Amino acid sequence: MENPREQALDVLIKVDKKEELSHIIIGNVLEKYQLSPKRDRAFFTRLTEGTLERLITIDYVIDQFSRTKLRKCRPLIRSLLRMGTYQILYMDQVPDSAACNEAVKLAKKRGFSRLSGFVNGVLRNISRNKDHIAWPDQNKDKNVWLSVKYSMPVWLIEFFRETYDAETVEKMAASFLEEKETTLCCLKTRGGREPVKKEFLEEGIHVRDGILCDEALKISGYDSLYRLSAFREGKCFVQDESSMLAASLAGARAGQTVLDLCSAPGGKAMYMADQMNGEGIVIARDLTEEKTDLIEENIERTELENIRVEAADAREQDKDMLEKADVVLADLPCSGLGIMGRKNDIKYNADREQMKELAILQKKILKNAASYVKPGGVLLYSTCTINPEENEENFRWIREESGFEPEDLRPLLPADLKSDTAQDGYLQLLPGIHPCDGFFIGKLRRV
Ligand SMILES: C[S@@+](CC[C@H](N)C(=O)[O-])C[C@H]1O[C@@H](n2cnc3c(N)ncnc32)[C@H](O)[C@@H]1O
């Protein structure tokens with residue numbers, strides 16, 4: 001990677017112009033420069049992801065110290081100021097003078113010599129005054145204060161506060177900004193957690209056990225997953241503990257028929273196939289072949305044999321599957337508000353209208369999902385969001401519509417996990433409150 005700052009600049013400009021989702025653009029750059037030194041790749045990743053994560057805070061600061069408002073600047077200048085400010089405010093290892101000088105050099109290199117003085121002036125002004133920023137007054141408007149402090153759109157803060165108190169919302173917002181380890185699920189059928197852990201320790205990677213699930217390992221300090229042999233050989237795959245918990249609460253057992261309607265990239269399908277010890281079948285479906293190819297790739301790597309992959313639209317009822325499945329998993333497309341800390345685009349692109357449309361889509365799929373459950377079988381509904389309309393309300397709706405009984409989750413939960421609603425068959429996991437992503441899990445049984 002020739003100049004990680006210039007690569008970061010190009011990514012920020014593309015994201016600003018909404019050319020593509022940021023994790024795809026960043027992933028493409030990392031793939032192109034996979035042989036570059038780990039240090040450059042890490043600097044590039046931190047600078048792009050960090051700047052995007054703190055965009056609202058950064059823009060607030062720049063507008064305080066610049067005479068031209070950021071929204072009136074050219075995209076290149078806007079992105080240069082944003083990444084310069086991120087380095088000054090959040091990257092202690094970068095001297096402020098380097099952040100300013102490199103921004104000036106890039107402005108000149110990209111044909112903006114006339115504006116390089118402006119870039120220099122704004123960044124040096126921020127550097128001089130970084131301990132005297134006038135933040136919003138939290139006593140005047142707590143939501144605006146939370147929005148600027150945690151870089152979350154104010155409407156989202158207001159939306160969460162319709163359900164949760166300010167303290168809970170602050171914990172959630174803070175947790176989205178925390179540095180995340182990567183959570184891996186280790187397959188029992190491939191030897192389980194201990195040998196993988198040993199291998200990672202030998203490779204000098206920081207590793208610790210998960211908190212909620214026996215299969216989980218949390219790792220950090222590695223470069224690319226594909227450089228880890230245990231990952232390459234399919235002994236583990238990336239999955240948050242909230243997802244492992246959802247798949248484990250489905251309770252799939254050896255010999256059963258499991259139908260996973262929205263399966264790509266296949267995380268929960270693989271977890272269940274592994275729990276079934278390779279006996280019985282998990283039918284893993286998704287909408288397009290592009291998506292089912294992702295499941296196929298993962299199965300090939302993990303060598304799980306009891307998964308059958310099919311492309312199918314879950315909105316259409318499949319008459320051949322009526323009352324055929326012991327377990328139906330409806331892990332549905334959702335607004336993703338529980339994983340905003342992993343995907344920056346979600347918090348900036350979410351909107352209430354789209355959330356309402358998703359709730360309608362979920363109802364349609366849930367109705368079909370219920371029709372595939374055998375008498376005595378299970379319907380497990382899950383999403384990675386924090387939105388009562390998509391979660392609790394849809395769970396209540398399908399319970400009434402299907403006549404299925406909610407299953408008491410209390411005996412099935414890890415000891416450390418407390419929830420007031422578990423006895424009613426569902427739980428809403430909250431980042432910052434629970435040790436995992438934000439996730440909804442609801443379990444019903446056909447009586
Ligand atoms: C939350 S993700 C599933 C994650 C997956 N269960 C896992 O654990 O790896 C939702 C999936 O729903 C799929 N999807 C969206 N609309 C669908 C539809 N109408 N029919 C089937 N799958 C759909 C998306 O392609 C996406 O892969």
# chains A, B, ... in the order shown; residues from 1 in each chain; ligands from 1
$ residues_near_ligand --ligand "ligand 1" --cutoff "9 Å" --atoms "only C-alpha atoms and all ligand atoms" --output "mmCIF file with C-alpha atoms, in the first residue's frame"
data_model
loop_
_atom_site.group_PDB
_atom_site.id
_atom_site.type_symbol
_atom_site.label_atom_id
_atom_site.label_comp_id
_atom_site.auth_asym_id
_atom_site.auth_seq_id
_atom_site.Cartn_x
_atom_site.Cartn_y
_atom_site.Cartn_z
ATOM 1 C CA GLN A 239 -20.149 -15.381 14.456
ATOM 2 C CA SER A 243 -26.165 -15.333 16.891
ATOM 3 C CA MET A 244 -24.765 -18.468 18.535
ATOM 4 C CA ALA A 247 -29.132 -20.774 16.971
ATOM 5 C CA ASP A 260 -33.378 -22.022 7.819
ATOM 6 C CA LEU A 261 -35.299 -19.652 5.556
ATOM 7 C CA CYS A 262 -32.871 -16.711 5.347
ATOM 8 C CA SER A 263 -29.559 -18.390 5.787
ATOM 9 C CA ALA A 264 -26.721 -16.561 4.029
ATOM 10 C CA PRO A 265 -23.844 -16.504 4.782
ATOM 11 C CA GLY A 266 -24.866 -19.580 6.753
ATOM 12 C CA GLY A 267 -23.634 -18.870 10.281
ATOM 13 C CA LYS A 268 -26.646 -20.160 12.172
ATOM 14 C CA ALA A 269 -27.178 -23.035 9.729
ATOM 15 C CA MET A 270 -23.608 -24.195 10.361
ATOM 16 C CA TYR A 271 -23.996 -23.814 14.105
ATOM 17 C CA ALA A 284 -30.337 -23.579 4.233
ATOM 18 C CA ARG A 285 -32.176 -21.191 1.920
ATOM 19 C CA ASP A 286 -31.636 -17.663 0.713
ATOM 20 C CA LEU A 287 -33.083 -15.430 -1.971
ATOM 21 C CA THR A 288 -30.427 -15.406 -4.682
ATOM 22 C CA GLU A 290 -25.155 -14.993 -5.150
ATOM 23 C CA LYS A 291 -26.206 -15.443 -1.511
ATOM 24 C CA THR A 292 -26.436 -19.235 -1.576
ATOM 25 C CA ILE A 295 -23.299 -20.521 2.183
ATOM 26 C CA ALA A 311 -32.216 -20.667 -3.488
ATOM 27 C CA ALA A 312 -35.805 -19.779 -2.567
ATOM 28 C CA ASP A 313 -37.900 -16.712 -1.861
ATOM 29 C CA ALA A 314 -39.182 -16.971 1.710
ATOM 30 C CA ARG A 315 -42.128 -14.705 0.819
ATOM 31 C CA GLU A 316 -43.564 -17.501 -1.337
ATOM 32 C CA LEU A 329 -35.342 -20.626 11.863
ATOM 33 C CA ALA A 330 -36.576 -17.228 10.692
ATOM 34 C CA ASP A 331 -33.467 -15.063 11.083
ATOM 35 C CA LEU A 332 -34.902 -12.300 9.001
ATOM 36 C CA PRO A 333 -33.695 -9.260 7.078
ATOM 37 C CA CYS A 334 -34.007 -6.305 9.453
ATOM 38 C CA GLY A 336 -29.678 -3.990 11.794
ATOM 39 C CA LEU A 361 -41.817 -8.113 5.038
ATOM 40 C CA ILE A 365 -42.092 -14.455 5.952
ATOM 41 C CA SER A 382 -34.498 -13.597 15.377
ATOM 42 C CA THR A 383 -33.219 -10.239 14.136
ATOM 43 C CA CYS A 384 -30.080 -8.187 14.748
#
$ residues_around --residues "A:Met83" --least-positions-apart "4" --cutoff "7 Å" --atoms "only C-alpha atoms" --output "list of chain:residue names"
A:Leu47, A:Thr51, A:Ser79, A:Gln87
$ closest_residue --among "A:Phe160, A:Phe112, A:Tyr381, A:Phe65" --to "A:Ala250" --atoms "only C-alpha atoms"
A:Tyr381
$ closest_residue --among "A:Pro411, A:Arg232, A:Lys356, A:Ala273" --to "A:Asn306" --atoms "only C-alpha atoms"
A:Ala273
$ select_by_dssp --residues "stretch 196-335 of chain A" --states "alpha helix (DSSP H)" --output "ChimeraX atom specification"
/A:196-202,229-232,241-249,267-275,289-302
$ write_last_selection --atoms "C-alpha atoms" --output "JSON list (two decimals), in the first residue's frame"
[["chain", "number", "residue", "atom", "x", "y", "z"],
["A", 196, "VAL", "CA", -8.20, -23.77, 18.09],
["A", 197, "LYS", "CA", -7.37, -21.65, 21.11],
["A", 198, "LYS", "CA", -4.03, -23.41, 21.50],
["A", 199, "GLU", "CA", -3.19, -22.80, 17.84],
["A", 200, "PHE", "CA", -4.00, -19.09, 18.13],
["A", 201, "LEU", "CA", -1.86, -18.73, 21.25],
["A", 202, "GLU", "CA", 1.03, -20.37, 19.42],
["A", 229, "SER", "CA", -4.74, -21.83, 9.71],
["A", 230, "ALA", "CA", -7.64, -22.82, 12.02],
["A", 231, "PHE", "CA", -9.87, -20.41, 10.11],
["A", 232, "ARG", "CA", -8.59, -21.46, 6.67],
["A", 241, "GLU", "CA", -22.32, -14.77, 20.55],
["A", 242, "SER", "CA", -25.82, -13.32, 20.11],
["A", 243, "SER", "CA", -26.16, -15.33, 16.89],
["A", 244, "MET", "CA", -24.76, -18.47, 18.54],
["A", 245, "LEU", "CA", -27.27, -18.03, 21.33],
["A", 246, "ALA", "CA", -30.16, -17.65, 18.88],
["A", 247, "ALA", "CA", -29.13, -20.77, 16.97],
["A", 248, "SER", "CA", -28.61, -22.70, 20.19],
["A", 249, "LEU", "CA", -32.04, -21.70, 21.57],
["A", 267, "GLY", "CA", -23.63, -18.87, 10.28],
["A", 268, "LYS", "CA", -26.65, -20.16, 12.17],
["A", 269, "ALA", "CA", -27.18, -23.03, 9.73],
["A", 270, "MET", "CA", -23.61, -24.19, 10.36],
["A", 271, "TYR", "CA", -24.00, -23.81, 14.11],
["A", 272, "MET", "CA", -27.13, -25.98, 14.09],
["A", 273, "ALA", "CA", -25.67, -28.58, 11.71],
["A", 274, "ASP", "CA", -22.70, -28.88, 14.07],
["A", 275, "GLN", "CA", -24.94, -29.20, 17.14],
["A", 289, "GLU", "CA", -27.68, -17.67, -5.99],
["A", 290, "GLU", "CA", -25.16, -14.99, -5.15],
["A", 291, "LYS", "CA", -26.21, -15.44, -1.51],
["A", 292, "THR", "CA", -26.44, -19.24, -1.58],
["A", 293, "ASP", "CA", -22.91, -19.31, -3.05],
["A", 294, "LEU", "CA", -21.70, -17.70, 0.19],
["A", 295, "ILE", "CA", -23.30, -20.52, 2.18],
["A", 296, "GLU", "CA", -21.73, -23.11, -0.14],
["A", 297, "GLU", "CA", -18.28, -21.55, 0.33],
["A", 298, "ASN", "CA", -18.63, -21.71, 4.10],
["A", 299, "ILE", "CA", -19.83, -25.31, 4.06],
["A", 300, "GLU", "CA", -16.94, -26.32, 1.87],
["A", 301, "ARG", "CA", -14.48, -24.77, 4.30],
["A", 302, "THR", "CA", -16.08, -26.21, 7.43]]
$ atom_distance --atom1 "atom CA of A:Leu156" --atom2 "atom CA of A:Gly432"
16.4 Å
$ residues_around --residues "A:Gln34" --least-positions-apart "6" --cutoff "9 Å" --atoms "only C-alpha atoms" --output "number ranges by chain"
A: 1, 41, 224
$ write_last_selection --atoms "N, CA and C atoms" --output "PDB file, in the first residue's frame"
ATOM      1  N   MET A   1       0.867  -1.182   0.000  1.00  0.00           N
ATOM      2  CA  MET A   1       0.000   0.000   0.000  1.00  0.00           C
ATOM      3  C   MET A   1       0.907   1.237   0.000  1.00  0.00           C
ATOM      4  N   ARG A  41      -1.795  -1.626   6.534  1.00  0.00           N
ATOM      5  CA  ARG A  41      -3.197  -2.066   6.423  1.00  0.00           C
ATOM      6  C   ARG A  41      -3.950  -1.660   7.690  1.00  0.00           C
ATOM      7  N   SER A 224      -5.054 -10.808   8.883  1.00  0.00           N
ATOM      8  CA  SER A 224      -6.208 -11.256   8.100  1.00  0.00           C
ATOM      9  C   SER A 224      -6.605 -12.639   8.608  1.00  0.00           C
TER      10      SER A 224
END
$ closest_residue --among "A:Cys236, A:Val94, A:Val378, A:Leu21" --to "A:Arg253" --atoms "only C-alpha atoms"
A:Val378
$ atom_distance --atom1 "atom CA of A:Gly377" --atom2 "atom CA of A:Asp326"
4.6 Å
$ atom_distance --atom1 "atom CA of A:Thr68" --atom2 "atom CA of A:Leu146"
25.1 Å
$ residues_around --residues "A:Gly442" --least-positions-apart "4" --cutoff "6 Å" --atoms "only C-alpha atoms" --output "CSV table (one decimal) with C-alpha atoms, in the first residue's frame"
chain,number,residue,atom,x,y,z
A,380,LEU,CA,-37.4,-19.4,16.2
A,381,TYR,CA,-37.6,-15.7,15.2
A,425,GLY,CA,-40.4,-16.7,25.2
A,426,TYR,CA,-38.3,-13.8,24.0
$ residues_around --residues "A:Val61" --least-positions-apart "5" --cutoff "10 Å" --atoms "only C-alpha atoms" --output "PyMOL selection string"
chain A and resi 55-56+66+82+85+89+126+130+133-135+148
$ residues_around --residues "A:Leu80" --least-positions-apart "2" --cutoff "9 Å" --atoms "only C-alpha atoms" --output "list in words"
Leu9, Leu12, Ile13, Pro75, Leu76, Ile77, Arg78, Arg82, Met83, Gly84, Thr85, Ala103, Val104, Leu106, Ala107 and Val119 of chain A
$ closest_residue --among "A:Val327, A:Gly376, A:Lys149, A:Gly27" --to "A:Asp137" --atoms "only C-alpha atoms"
A:Lys149
